[in-house]
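Below is final.cif, which holds mmCIF, C-alpha atoms and all ligand atoms.
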data_query
#
loop_
_atom_site.label_atom_id
_atom_site.label_comp_id
_atom_site.auth_asym_id
_atom_site.auth_seq_id
_atom_site.Cartn_x
_atom_site.Cartn_y
_atom_site.Cartn_z
CA MET A 1 -6.44 -7.49 32.01
CA SER A 2 -9.34 -8.71 29.93
CA GLN A 3 -10.24 -12.38 30.12
CA PHE A 4 -11.43 -12.42 26.54
CA GLY A 5 -9.70 -13.63 23.44
CA PRO A 6 -6.38 -15.27 22.74
CA ASP A 7 -3.12 -13.66 23.93
CA TYR A 8 -2.08 -12.96 20.37
CA VAL A 9 -5.18 -10.84 19.77
CA ARG A 10 -4.71 -8.88 22.99
CA ALA A 11 -1.11 -8.22 21.94
CA ILE A 12 -2.14 -6.45 18.71
CA ALA A 13 -1.37 -2.72 18.54
CA PRO A 14 -4.10 -1.26 16.30
CA TYR A 15 -3.16 0.16 12.87
CA GLN A 16 -2.74 3.94 12.92
CA ALA A 17 -4.53 5.37 9.92
CA GLY A 18 -4.04 8.87 8.52
CA LYS A 19 -6.10 11.45 10.42
CA PRO A 20 -9.38 12.28 8.64
CA ILE A 21 -9.88 15.91 7.59
CA SER A 22 -13.00 16.26 9.78
CA GLU A 23 -11.09 15.18 12.88
CA VAL A 24 -8.27 17.67 12.33
CA ALA A 25 -10.82 20.44 11.68
CA ARG A 26 -12.53 19.69 15.02
CA GLU A 27 -9.32 19.25 16.99
CA PHE A 28 -7.56 22.40 15.78
CA GLY A 29 -10.60 24.61 15.13
CA LEU A 30 -9.94 24.81 11.39
CA ASP A 31 -12.20 25.09 8.37
CA GLU A 32 -12.40 21.70 6.60
CA ALA A 33 -12.03 23.35 3.20
CA SER A 34 -8.69 24.87 4.23
CA ILE A 35 -7.15 21.53 5.20
CA VAL A 36 -4.69 19.68 2.96
CA LYS A 37 -4.43 15.92 3.47
CA LEU A 38 -1.26 14.27 2.21
CA ALA A 39 -1.39 11.38 4.63
CA SER A 40 -2.78 8.21 3.05
CA ASN A 41 -1.25 8.00 -0.43
CA GLU A 42 -4.63 8.61 -2.02
CA ASN A 43 -4.97 9.85 -5.59
CA PRO A 44 -5.19 13.66 -5.48
CA PHE A 45 -7.56 13.61 -8.49
CA GLY A 46 -10.08 11.50 -6.56
CA VAL A 47 -12.48 9.15 -8.34
CA PRO A 48 -12.13 8.96 -12.15
CA ASP A 49 -15.22 10.17 -14.05
CA SER A 50 -15.40 6.80 -15.81
CA ALA A 51 -15.85 5.09 -12.44
CA ARG A 52 -18.39 7.67 -11.24
CA LYS A 53 -20.54 6.96 -14.26
CA ALA A 54 -20.29 3.19 -13.84
CA MET A 55 -21.27 3.49 -10.18
CA ALA A 56 -24.30 5.63 -10.97
CA GLU A 57 -25.55 2.87 -13.27
CA ALA A 58 -24.73 0.09 -10.79
CA ALA A 59 -26.50 1.95 -7.97
CA ALA A 60 -29.88 0.94 -9.40
CA GLU A 61 -29.13 -2.67 -8.44
CA LEU A 62 -27.94 -2.04 -4.87
CA GLY A 63 -30.94 -3.91 -3.47
CA ARG A 64 -29.31 -7.11 -4.68
CA TYR A 65 -26.18 -8.83 -3.45
CA PRO A 66 -23.04 -8.24 -5.48
CA ASP A 67 -21.82 -10.93 -7.87
CA ALA A 68 -19.99 -13.21 -5.43
CA SER A 69 -17.77 -14.53 -8.20
CA GLY A 70 -16.95 -11.04 -9.48
CA PHE A 71 -17.33 -12.48 -12.96
CA GLU A 72 -17.07 -9.29 -15.00
CA LEU A 73 -14.30 -7.69 -12.98
CA LYS A 74 -12.27 -10.90 -13.08
CA ALA A 75 -12.82 -11.15 -16.82
CA ALA A 76 -11.56 -7.59 -17.25
CA LEU A 77 -8.53 -8.28 -15.04
CA ALA A 78 -7.81 -11.57 -16.82
CA LYS A 79 -7.74 -9.72 -20.12
CA ARG A 80 -5.61 -6.88 -18.78
CA TYR A 81 -3.01 -9.16 -17.13
CA ASP A 82 -3.20 -12.06 -19.58
CA VAL A 83 -4.00 -14.74 -17.00
CA PRO A 84 -7.00 -17.07 -16.69
CA ALA A 85 -9.90 -15.60 -14.68
CA ASP A 86 -9.73 -18.47 -12.18
CA TRP A 87 -6.24 -17.30 -11.19
CA ILE A 88 -7.73 -14.16 -9.65
CA THR A 89 -8.97 -13.53 -6.11
CA LEU A 90 -10.85 -10.31 -5.39
CA GLY A 91 -10.33 -8.47 -2.12
CA ASN A 92 -12.05 -5.76 -0.11
CA GLY A 93 -9.00 -3.64 -0.80
CA SER A 94 -5.69 -5.42 -1.13
CA ASN A 95 -5.49 -5.31 2.66
CA ASP A 96 -8.12 -8.07 2.49
CA ILE A 97 -5.85 -10.07 0.16
CA LEU A 98 -2.97 -9.76 2.64
CA GLU A 99 -5.19 -11.07 5.44
CA ILE A 100 -6.77 -13.81 3.34
CA ALA A 101 -3.27 -15.06 2.53
CA ALA A 102 -2.37 -15.21 6.24
CA HIS A 103 -5.58 -17.12 7.03
CA ALA A 104 -5.24 -19.48 4.09
CA PHE A 105 -1.56 -20.41 4.46
CA VAL A 106 -0.46 -19.92 8.06
CA GLN A 107 -1.61 -21.54 11.25
CA THR A 108 -1.18 -20.34 14.82
CA GLY A 109 2.38 -20.85 16.00
CA GLN A 110 3.93 -20.83 12.53
CA SER A 111 5.90 -17.86 11.25
CA VAL A 112 5.67 -15.09 8.64
CA VAL A 113 8.67 -13.17 7.30
CA PHE A 114 8.65 -9.50 6.31
CA SER A 115 11.14 -6.64 6.26
CA GLN A 116 11.94 -3.98 8.81
CA TYR A 117 10.13 -0.77 7.70
CA ALA A 118 7.72 -2.80 5.55
CA PHE A 119 4.00 -2.03 5.33
CA ALA A 120 2.47 -2.26 8.83
CA ILE A 121 -0.36 -4.58 7.81
CA TYR A 122 2.02 -7.54 7.38
CA ALA A 123 2.72 -7.71 11.11
CA LEU A 124 -0.98 -7.28 11.88
CA ALA A 125 -2.07 -9.98 9.43
CA ALA A 126 0.44 -12.40 10.97
CA GLN A 127 -0.65 -11.53 14.50
CA GLY A 128 -4.29 -11.91 13.56
CA VAL A 129 -3.77 -15.64 12.99
CA GLY A 130 -1.47 -16.07 15.99
CA ALA A 131 1.61 -16.44 13.82
CA ARG A 132 5.07 -15.25 14.77
CA GLY A 133 6.29 -12.30 12.72
CA ILE A 134 9.98 -12.53 11.79
CA VAL A 135 11.39 -9.12 10.88
CA ALA A 136 14.37 -9.23 8.49
CA PRO A 137 16.67 -6.21 8.86
CA ALA A 138 16.37 -3.63 6.06
CA LYS A 139 19.25 -2.54 3.87
CA GLY A 140 19.27 1.22 3.65
CA TYR A 141 15.54 1.74 4.02
CA GLY A 142 14.54 -1.03 1.63
CA HIS A 143 14.06 -4.79 1.67
CA ASP A 144 17.21 -6.91 1.89
CA LEU A 145 16.10 -10.04 0.06
CA ASP A 146 19.16 -12.02 1.15
CA ALA A 147 18.37 -11.19 4.77
CA MET A 148 14.75 -12.17 4.16
CA LEU A 149 15.79 -15.49 2.69
CA ALA A 150 18.08 -16.10 5.67
CA ALA A 151 15.21 -15.22 8.04
CA ILE A 152 13.00 -18.04 6.72
CA GLU A 153 12.70 -20.79 9.32
CA PRO A 154 11.35 -24.35 9.03
CA ASP A 155 7.93 -23.19 10.28
CA THR A 156 7.74 -20.16 7.95
CA ARG A 157 4.75 -20.40 5.62
CA LEU A 158 4.43 -16.88 4.22
CA VAL A 159 6.67 -14.00 3.13
CA TYR A 160 5.40 -10.50 2.38
CA ILE A 161 7.35 -8.25 0.01
CA ALA A 162 6.21 -4.69 -0.74
CA ASN A 163 7.46 -3.36 -4.06
CA PRO A 164 7.57 -0.38 -3.99
CA ASN A 165 7.48 -0.38 -0.20
CA ASN A 166 5.32 1.88 1.93
CA PRO A 167 6.37 3.97 3.91
CA THR A 168 9.91 4.11 2.51
CA GLY A 169 9.19 4.24 -1.24
CA THR A 170 12.05 1.84 -1.99
CA PHE A 171 11.97 -0.44 -5.03
CA ILE A 172 13.49 -3.84 -5.83
CA PRO A 173 14.38 -4.51 -9.50
CA ALA A 174 12.85 -7.50 -11.30
CA ALA A 175 16.06 -9.54 -11.44
CA GLU A 176 16.49 -9.45 -7.66
CA ILE A 177 12.93 -10.54 -7.00
CA GLU A 178 13.20 -13.39 -9.48
CA ALA A 179 16.45 -14.52 -7.88
CA PHE A 180 14.66 -14.52 -4.53
CA LEU A 181 11.67 -16.45 -5.88
CA SER A 182 13.91 -19.11 -7.36
CA ARG A 183 15.56 -19.69 -3.96
CA VAL A 184 12.56 -19.60 -1.60
CA PRO A 185 11.61 -23.07 -0.26
CA ALA A 186 8.71 -24.52 -2.27
CA GLY A 187 6.35 -24.68 0.71
CA VAL A 188 6.61 -20.98 1.48
CA VAL A 189 4.04 -18.70 -0.14
CA VAL A 190 5.33 -15.29 -1.26
CA VAL A 191 2.98 -12.32 -1.45
CA LEU A 192 4.38 -9.66 -3.77
CA ASP A 193 2.43 -6.56 -2.78
CA GLU A 194 2.53 -4.10 -5.67
CA ALA A 195 0.12 -1.44 -4.44
CA TYR A 196 2.12 1.30 -6.19
CA ASN A 197 3.04 -0.57 -9.38
CA GLU A 198 1.16 1.83 -11.64
CA TYR A 199 3.40 4.69 -10.53
CA LEU A 200 6.59 3.01 -11.76
CA GLU A 201 8.32 4.44 -14.79
CA PRO A 202 7.99 2.13 -17.82
CA LYS A 203 11.69 1.18 -17.55
CA ASP A 204 11.08 -0.22 -14.05
CA GLN A 205 7.84 -2.06 -14.87
CA PHE A 206 7.89 -5.82 -15.25
CA GLU A 207 5.24 -8.45 -15.84
CA SER A 208 5.07 -9.90 -12.34
CA ALA A 209 1.64 -11.34 -13.18
CA GLN A 210 3.37 -13.64 -15.67
CA TRP A 211 5.86 -14.86 -13.03
CA VAL A 212 2.90 -16.58 -11.43
CA ARG A 213 3.01 -19.11 -14.28
CA LYS A 214 6.52 -20.08 -13.23
CA TYR A 215 6.21 -19.90 -9.43
CA PRO A 216 3.31 -21.89 -7.93
CA ASN A 217 3.94 -20.28 -4.52
CA LEU A 218 3.69 -16.66 -5.76
CA ILE A 219 0.77 -14.32 -5.12
CA VAL A 220 0.85 -10.94 -6.84
CA SER A 221 -1.30 -8.40 -5.02
CA ARG A 222 -2.62 -5.16 -6.55
CA THR A 223 -5.08 -2.46 -5.56
CA PHE A 224 -7.49 0.09 -7.00
CA SER A 225 -6.90 2.36 -3.98
CA LYS A 226 -3.87 4.28 -5.13
CA ALA A 227 -3.32 5.09 -8.83
CA TYR A 228 -6.95 4.26 -9.74
CA GLY A 229 -8.37 6.69 -7.17
CA LEU A 230 -10.85 4.29 -5.54
CA ALA A 231 -9.52 4.02 -1.95
CA GLY A 232 -12.93 4.56 -0.35
CA LEU A 233 -14.55 1.75 -2.31
CA ARG A 234 -12.13 -0.95 -1.10
CA VAL A 235 -11.14 -3.13 -4.01
CA GLY A 236 -7.97 -5.07 -4.69
CA PHE A 237 -7.04 -8.41 -6.20
CA ALA A 238 -4.52 -11.21 -6.24
CA ILE A 239 -3.11 -13.27 -9.09
CA ALA A 240 -1.86 -16.78 -8.34
CA GLN A 241 -2.04 -20.30 -9.70
CA PRO A 242 -5.35 -22.16 -9.22
CA VAL A 243 -4.28 -24.26 -6.20
CA VAL A 244 -3.37 -21.14 -4.21
CA THR A 245 -6.30 -19.15 -5.60
CA ASP A 246 -8.73 -21.90 -4.65
CA LEU A 247 -7.55 -21.87 -1.02
CA MET A 248 -7.80 -18.08 -0.82
CA ASN A 249 -11.32 -18.18 -2.19
CA ARG A 250 -12.37 -20.61 0.54
CA ILE A 251 -11.31 -18.08 3.17
CA ARG A 252 -12.67 -15.02 1.35
CA GLN A 253 -16.10 -13.73 2.37
CA PRO A 254 -18.43 -14.48 -0.56
CA PHE A 255 -19.49 -10.84 -0.97
CA ASN A 256 -16.25 -9.12 0.01
CA VAL A 257 -16.27 -6.71 -2.94
CA ASN A 258 -19.45 -4.65 -3.17
CA SER A 259 -21.27 -4.00 -6.43
CA LEU A 260 -20.31 -0.33 -6.74
CA ALA A 261 -16.67 -1.25 -6.25
CA GLN A 262 -16.85 -3.97 -8.91
CA ALA A 263 -18.46 -1.62 -11.43
CA ALA A 264 -16.05 1.24 -10.69
CA ALA A 265 -12.99 -1.00 -10.90
CA ILE A 266 -14.01 -2.33 -14.31
CA ALA A 267 -14.35 1.22 -15.62
CA ALA A 268 -11.15 2.52 -14.01
CA LEU A 269 -9.07 -0.42 -15.24
CA THR A 270 -9.18 0.76 -18.83
CA ASP A 271 -9.14 4.49 -18.08
CA LYS A 272 -5.65 5.07 -19.48
CA ALA A 273 -6.06 8.85 -19.59
CA PHE A 274 -6.75 8.98 -15.85
CA LEU A 275 -3.74 6.82 -15.02
CA GLU A 276 -1.51 8.89 -17.29
CA LYS A 277 -2.72 12.16 -15.73
CA GLY A 278 -1.98 10.72 -12.28
CA ALA A 279 1.48 9.50 -13.24
CA GLN A 280 2.35 12.87 -14.77
CA ASN A 281 1.16 14.77 -11.68
CA ASN A 282 3.11 12.37 -9.50
CA ARG A 283 6.34 12.86 -11.43
CA GLU A 284 6.02 16.65 -11.23
CA GLY A 285 4.97 16.58 -7.57
CA TYR A 286 7.93 14.40 -6.69
CA ARG A 287 10.26 16.95 -8.27
CA GLN A 288 8.45 19.78 -6.47
CA LEU A 289 8.73 18.15 -3.04
CA THR A 290 12.28 16.86 -3.38
CA ALA A 291 13.49 20.24 -4.70
CA ALA A 292 12.11 21.81 -1.51
CA PHE A 293 13.75 19.12 0.65
CA ASP A 294 17.06 19.72 -1.11
CA GLU A 295 16.75 23.44 -0.51
CA LEU A 296 15.88 22.88 3.16
CA LYS A 297 18.76 20.39 3.39
CA LEU A 298 16.44 17.60 4.53
CA GLU A 299 17.37 14.00 3.84
CA TYR A 300 14.75 11.93 1.99
CA VAL A 301 14.55 8.40 0.65
CA PRO A 302 14.29 8.34 -3.17
CA SER A 303 10.75 7.12 -3.81
CA TYR A 304 9.13 4.98 -6.50
CA GLY A 305 5.63 5.53 -5.11
CA ASN A 306 3.25 8.49 -4.74
CA PHE A 307 4.79 9.62 -1.46
CA VAL A 308 8.16 10.62 -0.01
CA LEU A 309 9.74 9.78 3.34
CA VAL A 310 11.61 12.82 4.67
CA LYS A 311 13.77 13.27 7.77
CA VAL A 312 12.66 16.38 9.65
CA GLY A 313 15.10 16.35 12.56
CA GLU A 314 17.79 14.44 14.38
CA ASP A 315 16.12 13.66 17.69
CA ASP A 316 13.42 11.06 18.25
CA GLY A 317 10.82 13.72 19.00
CA ALA A 318 11.31 15.44 15.63
CA GLY A 319 8.64 13.62 13.61
CA ALA A 320 5.91 14.13 16.21
CA ARG A 321 6.88 17.77 16.81
CA VAL A 322 6.96 18.80 13.17
CA ASN A 323 3.78 16.80 12.53
CA LEU A 324 1.96 18.75 15.25
CA ALA A 325 3.21 22.06 13.87
CA LEU A 326 1.91 21.02 10.42
CA LEU A 327 -1.47 19.96 11.82
CA LYS A 328 -1.89 23.37 13.47
CA GLN A 329 -1.49 24.87 9.99
CA GLY A 330 -4.09 22.48 8.56
CA VAL A 331 -1.67 20.13 6.79
CA ILE A 332 -2.05 16.41 7.48
CA VAL A 333 0.90 14.12 6.73
CA ARG A 334 1.86 10.76 8.23
CA PRO A 335 4.14 10.33 11.22
CA VAL A 336 5.97 7.01 11.03
CA GLY A 337 7.20 6.56 14.59
CA ALA A 338 5.28 3.28 14.75
CA TYR A 339 7.58 2.01 11.97
CA GLY A 340 10.64 2.81 14.06
CA LEU A 341 11.22 6.02 12.09
CA PRO A 342 10.49 8.75 14.69
CA GLN A 343 12.65 11.36 12.93
CA TRP A 344 10.76 11.02 9.66
CA LEU A 345 7.43 11.96 8.10
CA ARG A 346 5.77 10.44 5.05
CA ILE A 347 4.27 12.93 2.62
CA SER A 348 1.81 11.79 -0.06
CA ILE A 349 2.28 13.62 -3.35
CA GLY A 350 -0.72 15.89 -3.98
CA LEU A 351 -1.76 18.48 -6.54
CA PRO A 352 0.82 21.24 -7.17
CA GLU A 353 -1.03 23.71 -4.93
CA GLU A 354 -1.35 21.12 -2.13
CA ASN A 355 2.36 20.34 -2.32
CA ALA A 356 3.09 24.07 -2.18
CA ARG A 357 0.85 24.51 0.89
CA PHE A 358 2.73 21.67 2.55
CA VAL A 359 6.15 23.12 1.72
CA ASP A 360 5.18 26.53 3.13
CA ALA A 361 3.80 24.90 6.27
CA LEU A 362 6.92 22.76 6.58
CA ARG A 363 9.16 25.85 6.49
CA GLU A 364 7.08 27.37 9.31
CA ALA A 365 7.04 24.09 11.23
CA LEU A 366 10.81 23.73 11.05
CA LYS A 367 11.25 27.29 12.28
CA ALA A 368 8.80 26.69 15.13
CA ALA A 369 10.58 23.43 15.98
CA LEU A 370 13.87 25.31 16.36
CA ARG A 371 12.44 27.84 18.78
C1 LIG B 401 -2.09 1.19 0.57
C2 LIG B 401 -1.37 -0.10 0.56
C3 LIG B 401 -2.03 -1.33 0.45
C4 LIG B 401 -3.47 -1.59 0.56
O1 LIG B 401 -4.37 -0.72 0.24
P1 LIG B 401 -5.86 -1.20 0.02
O2 LIG B 401 -6.57 0.10 0.08
O3 LIG B 401 -6.24 -2.11 1.14
O4 LIG B 401 -5.89 -1.87 -1.28
C5 LIG B 401 -1.30 -2.48 0.38
N1 LIG B 401 0.02 -2.46 0.41
C6 LIG B 401 0.70 -1.33 0.53
C7 LIG B 401 2.17 -1.38 0.55
C8 LIG B 401 0.02 -0.11 0.62
O5 LIG B 401 0.71 1.01 0.80
#
Write-out of the structure in C-alpha cells:
Amino acid sequence: MSQFGPDYVRAIAPYQAGKPISEVAREFGLDEASIVKLASNENPFGVPDSARKAMAEAAAELGRYPDASGFELKAALAKRYDVPADWITLGNGSNDILEIAAHAFVQTGQSVVFSQYAFAIYALAAQGVGARGIVAPAKGYGHDLDAMLAAIEPDTRLVYIANPNNPTGTFIPAAEIEAFLSRVPAGVVVVLDEAYNEYLEPKDQFESAQWVRKYPNLIVSRTFSKAYGLAGLRVGFAIAQPVVTDLMNRIRQPFNVNSLAQAAAIAALTDKAFLEKGAQNNREGYRQLTAAFDELKLEYVPSYGNFVLVKVGEDDGAGARVNLALLKQGVIVRPVGAYGLPQWLRISIGLPEENARFVDALREALKAALR
C-alpha cells in the first residue's frame, strides 16, 4: 500500500470514460474510419461551423492568456439567461463546476447527497474533498427527491441533482424540483446539473436560471459539451446568486476556460439552427433506436437526453458480454456496470446511419451472446 496521500484519495476508483476510437481500432485490429462511437453522449454533428469560424479568429491570440474573467462569454450568457453577469461562474466543462462546488462548500468529513444511478462524477467530486457520499435510493431508475430530502444529514452541505440524469435519461418535472428546493435546509447548497437541458421538448423546459433569484442556495449547471457540440473544448458554466458565485470563483483556477473555448461558446450560444438540427436528429434517432429495442423485446428506460439505457440480458454478465461483441464489430457504446447496472448498456443517439450500424451490430451481438 502506498504511503502517499490521504485515505480518501487512495479510495477513489477512477472515472471510466468512453473508449476512444483509436484505442478500439488498435485493440480489435479495425480501421478507425469504420468505427462508430455512441459512447459519450457527444453531438453527432460535431463542432458547429459558427464555432469553428470563431476559433479560427481567436487562434491568432493564443500567445496570450485567456480572459480570466470571461467577460464576453459571461455577457452573452447573462443576456441569454436574463441574469446579471456576476451570477455566472465559468468552468472547464461543467465537470469543473461540479468539483468547484464540492471544494467551495464542503469540507473533509462532511457529507454530500446524490441519487443511486446518478452521474458518476458526483461521488468522485465528494471523495476528492474527503467528504462522505450519501446515496439516496432511486425510484424506478430516476431520482426520488423525497428520499434525497430524507437522506440529508446535519453535516450535509451539498446535494447534486442531474436533470435529465445520465446514464438513465430520467427527468424530474419543474414542480417537483421546486417543491424540493423549498424544503431543503437553507445551509445546504443544491447543484442542479442540466447537462442535457437543450434536448428537452419545449413543454418540459422551464426557466431554472430564474429560480436562482428565489433560492440563494441553488446552483444551476450547464455545459457546451452536449447539444452545442463542443465536448473537446471543455466549457460549462454555473448560475447562482453572488454570494455563492463569489465563493466558487475563489476556488476556480483563474484561466480555467481557454480562449478558443470562450470564443467558440459565444458563437455556439446563439446558433439556433445548429441546436434545432441537433434536437431534430435526436428526436428521430430516439424513435429509431427505441423501435429497434421494441422489436428485439429489450427493456429500455424512456430518455429525455441524447442517449438511451437499454437492458441487454438478465444475468450480470450481459452488459459486458454484449459490449464486447459490439466492440468486435467496431461499435463503441457505454457499459454501466460501474453504476450498478451490469445488465444494461447506454447508447448515445447518433446520426441515422450510425444508429442503424449499432442496431445491426446489436442483433449480431445478441445472437452471439445466446450461443
Ligand atoms: C456530460 C455530463 C456532464 C459534464 O460534461 P462536461 O463535458 O464536463 O461539461 C455533467 N453532467 C452530466 C449529467 C453529464 O452527463
Between chain A and ligand LIG 401 (chain B), at 9 Å or less, what are the per-residue closest atom pairs and their distances in Å? Count all atoms listed in the file, order by chain and rising residue number, and return it as JSON lines.
{"residue": "A:Ser40", "atom": "CA", "partner": "B:LIG401", "partner_atom": "C1", "distance": 7.5}
{"residue": "A:Asn41", "atom": "CA", "partner": "B:LIG401", "partner_atom": "C1", "distance": 6.9}
{"residue": "A:Glu42", "atom": "CA", "partner": "B:LIG401", "partner_atom": "C1", "distance": 8.3}
{"residue": "A:Gly91", "atom": "CA", "partner": "B:LIG401", "partner_atom": "O4", "distance": 8.0}
{"residue": "A:Asn92", "atom": "CA", "partner": "B:LIG401", "partner_atom": "O3", "distance": 7.0}
{"residue": "A:Gly93", "atom": "CA", "partner": "B:LIG401", "partner_atom": "O4", "distance": 3.6}
{"residue": "A:Ser94", "atom": "CA", "partner": "B:LIG401", "partner_atom": "O4", "distance": 3.6}
{"residue": "A:Asn95", "atom": "CA", "partner": "B:LIG401", "partner_atom": "O3", "distance": 3.6}
{"residue": "A:Asp96", "atom": "CA", "partner": "B:LIG401", "partner_atom": "O3", "distance": 6.4}
{"residue": "A:Ile97", "atom": "CA", "partner": "B:LIG401", "partner_atom": "O3", "distance": 8.0}
{"residue": "A:Leu98", "atom": "CA", "partner": "B:LIG401", "partner_atom": "C5", "distance": 7.8}
{"residue": "A:Ala118", "atom": "CA", "partner": "B:LIG401", "partner_atom": "C7", "distance": 7.6}
{"residue": "A:Phe119", "atom": "CA", "partner": "B:LIG401", "partner_atom": "C7", "distance": 5.2}
{"residue": "A:Ala120", "atom": "CA", "partner": "B:LIG401", "partner_atom": "C7", "distance": 8.3}
{"residue": "A:Ile121", "atom": "CA", "partner": "B:LIG401", "partner_atom": "N1", "distance": 7.7}
{"residue": "A:Tyr122", "atom": "CA", "partner": "B:LIG401", "partner_atom": "N1", "distance": 8.9}
{"residue": "A:Ile161", "atom": "CA", "partner": "B:LIG401", "partner_atom": "C7", "distance": 8.6}
{"residue": "A:Ala162", "atom": "CA", "partner": "B:LIG401", "partner_atom": "C7", "distance": 5.4}
{"residue": "A:Asn163", "atom": "CA", "partner": "B:LIG401", "partner_atom": "C7", "distance": 7.3}
{"residue": "A:Pro164", "atom": "CA", "partner": "B:LIG401", "partner_atom": "C7", "distance": 7.1}
{"residue": "A:Asn165", "atom": "CA", "partner": "B:LIG401", "partner_atom": "C7", "distance": 5.5}
{"residue": "A:Asn166", "atom": "CA", "partner": "B:LIG401", "partner_atom": "C7", "distance": 4.7}
{"residue": "A:Pro167", "atom": "CA", "partner": "B:LIG401", "partner_atom": "O5", "distance": 7.1}
{"residue": "A:Asp193", "atom": "CA", "partner": "B:LIG401", "partner_atom": "N1", "distance": 5.7}
{"residue": "A:Glu194", "atom": "CA", "partner": "B:LIG401", "partner_atom": "N1", "distance": 6.8}
{"residue": "A:Ala195", "atom": "CA", "partner": "B:LIG401", "partner_atom": "N1", "distance": 5.0}
{"residue": "A:Tyr196", "atom": "CA", "partner": "B:LIG401", "partner_atom": "O5", "distance": 7.1}
{"residue": "A:Ser221", "atom": "CA", "partner": "B:LIG401", "partner_atom": "C5", "distance": 8.0}
{"residue": "A:Arg222", "atom": "CA", "partner": "B:LIG401", "partner_atom": "O4", "distance": 7.0}
{"residue": "A:Thr223", "atom": "CA", "partner": "B:LIG401", "partner_atom": "O4", "distance": 4.4}
{"residue": "A:Phe224", "atom": "CA", "partner": "B:LIG401", "partner_atom": "O4", "distance": 6.3}
{"residue": "A:Ser225", "atom": "CA", "partner": "B:LIG401", "partner_atom": "O2", "distance": 4.7}
{"residue": "A:Lys226", "atom": "CA", "partner": "B:LIG401", "partner_atom": "C1", "distance": 6.7}
{"residue": "A:Leu230", "atom": "CA", "partner": "B:LIG401", "partner_atom": "O2", "distance": 8.2}
{"residue": "A:Ala231", "atom": "CA", "partner": "B:LIG401", "partner_atom": "O2", "distance": 5.3}
{"residue": "A:Gly232", "atom": "CA", "partner": "B:LIG401", "partner_atom": "O2", "distance": 7.8}
{"residue": "A:Leu233", "atom": "CA", "partner": "B:LIG401", "partner_atom": "O2", "distance": 8.5}
{"residue": "A:Arg234", "atom": "CA", "partner": "B:LIG401", "partner_atom": "O2", "distance": 5.8}
{"residue": "A:Val235", "atom": "CA", "partner": "B:LIG401", "partner_atom": "O4", "distance": 6.1}
{"residue": "A:Gly236", "atom": "CA", "partner": "B:LIG401", "partner_atom": "O4", "distance": 5.1}
{"residue": "A:Phe237", "atom": "CA", "partner": "B:LIG401", "partner_atom": "O4", "distance": 8.3}
{"residue": "A:Gly305", "atom": "CA", "partner": "B:LIG401", "partner_atom": "O5", "distance": 8.9}
| Using only C-alpha atoms, which residue out of A:Gly278, A:Phe307, A:Gln262, A:Val112 lies closest to A:Glu153? | A:Val112
| request: May I ask which of the residues A:Leu362, A:Val129, A:Val159, A:Leu260 is the closest one to A:His143, counting only C-alpha atoms? | output: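 Residue with the minimum atom-to-atom distance to A:His143: A:Val159.
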| said: One number please: atom CA of A:Gly337 to atom CA of A:Tyr286, in Å, one decimal. | reply: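 Atom CA of A:Gly337 sits 22.7 Å away from atom CA of A:Tyr286.
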| Smallest atom-to-atom distance to A:Ala227: which of A:Lys367, A:Lys277, A:Arg250, A:Arg183, using all atoms listed in the file? |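 Among the listed residues, A:Lys277 lies closest to A:Ala227.
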Could I get stretch 80-110 of chain A from the block written as a PDB file, in the first residue's frame, with C-alpha atoms?
ATOM      1  CA  ARG A  80     -29.304  34.589 -22.932  1.00  0.00           C
ATOM      2  CA  TYR A  81     -30.423  33.584 -19.406  1.00  0.00           C
ATOM      3  CA  ASP A  82     -31.518  37.003 -18.178  1.00  0.00           C
ATOM      4  CA  VAL A  83     -29.288  37.080 -15.097  1.00  0.00           C
ATOM      5  CA  PRO A  84     -26.528  39.521 -14.087  1.00  0.00           C
ATOM      6  CA  ALA A  85     -23.073  38.574 -15.411  1.00  0.00           C
ATOM      7  CA  ASP A  86     -21.680  38.386 -11.873  1.00  0.00           C
ATOM      8  CA  TRP A  87     -24.055  35.490 -11.170  1.00  0.00           C
ATOM      9  CA  ILE A  88     -22.095  33.296 -13.589  1.00  0.00           C
ATOM     10  CA  THR A  89     -19.107  31.033 -12.954  1.00  0.00           C
ATOM     11  CA  LEU A  90     -17.285  29.550 -15.941  1.00  0.00           C
ATOM     12  CA  GLY A  91     -15.960  26.003 -15.814  1.00  0.00           C
ATOM     13  CA  ASN A  92     -13.528  23.839 -17.746  1.00  0.00           C
ATOM     14  CA  GLY A  93     -16.528  21.763 -18.741  1.00  0.00           C
ATOM     15  CA  SER A  94     -19.371  21.533 -16.272  1.00  0.00           C
ATOM     16  CA  ASN A  95     -17.401  18.750 -14.591  1.00  0.00           C
ATOM     17  CA  ASP A  96     -15.208  21.590 -13.313  1.00  0.00           C
ATOM     18  CA  ILE A  97     -18.305  23.333 -11.914  1.00  0.00           C
ATOM     19  CA  LEU A  98     -19.299  20.155 -10.058  1.00  0.00           C
ATOM     20  CA  GLU A  99     -15.836  19.935  -8.497  1.00  0.00           C
ATOM     21  CA  ILE A 100     -15.591  23.646  -7.738  1.00  0.00           C
ATOM     22  CA  ALA A 101     -18.882  23.359  -5.842  1.00  0.00           C
ATOM     23  CA  ALA A 102     -17.533  20.472  -3.751  1.00  0.00           C
ATOM     24  CA  HIS A 103     -14.347  22.431  -2.942  1.00  0.00           C
ATOM     25  CA  ALA A 104     -16.189  25.656  -2.194  1.00  0.00           C
ATOM     26  CA  PHE A 105     -18.971  24.284   0.021  1.00  0.00           C
ATOM     27  CA  VAL A 106     -17.873  21.017   1.609  1.00  0.00           C
ATOM     28  CA  GLN A 107     -15.058  20.228   3.972  1.00  0.00           C
ATOM     29  CA  THR A 108     -13.455  16.884   4.725  1.00  0.00           C
ATOM     30  CA  GLY A 109     -15.705  14.767   6.914  1.00  0.00           C
ATOM     31  CA  GLN A 110     -18.943  16.476   5.894  1.00  0.00           C
TER      32      GLN A 110
END
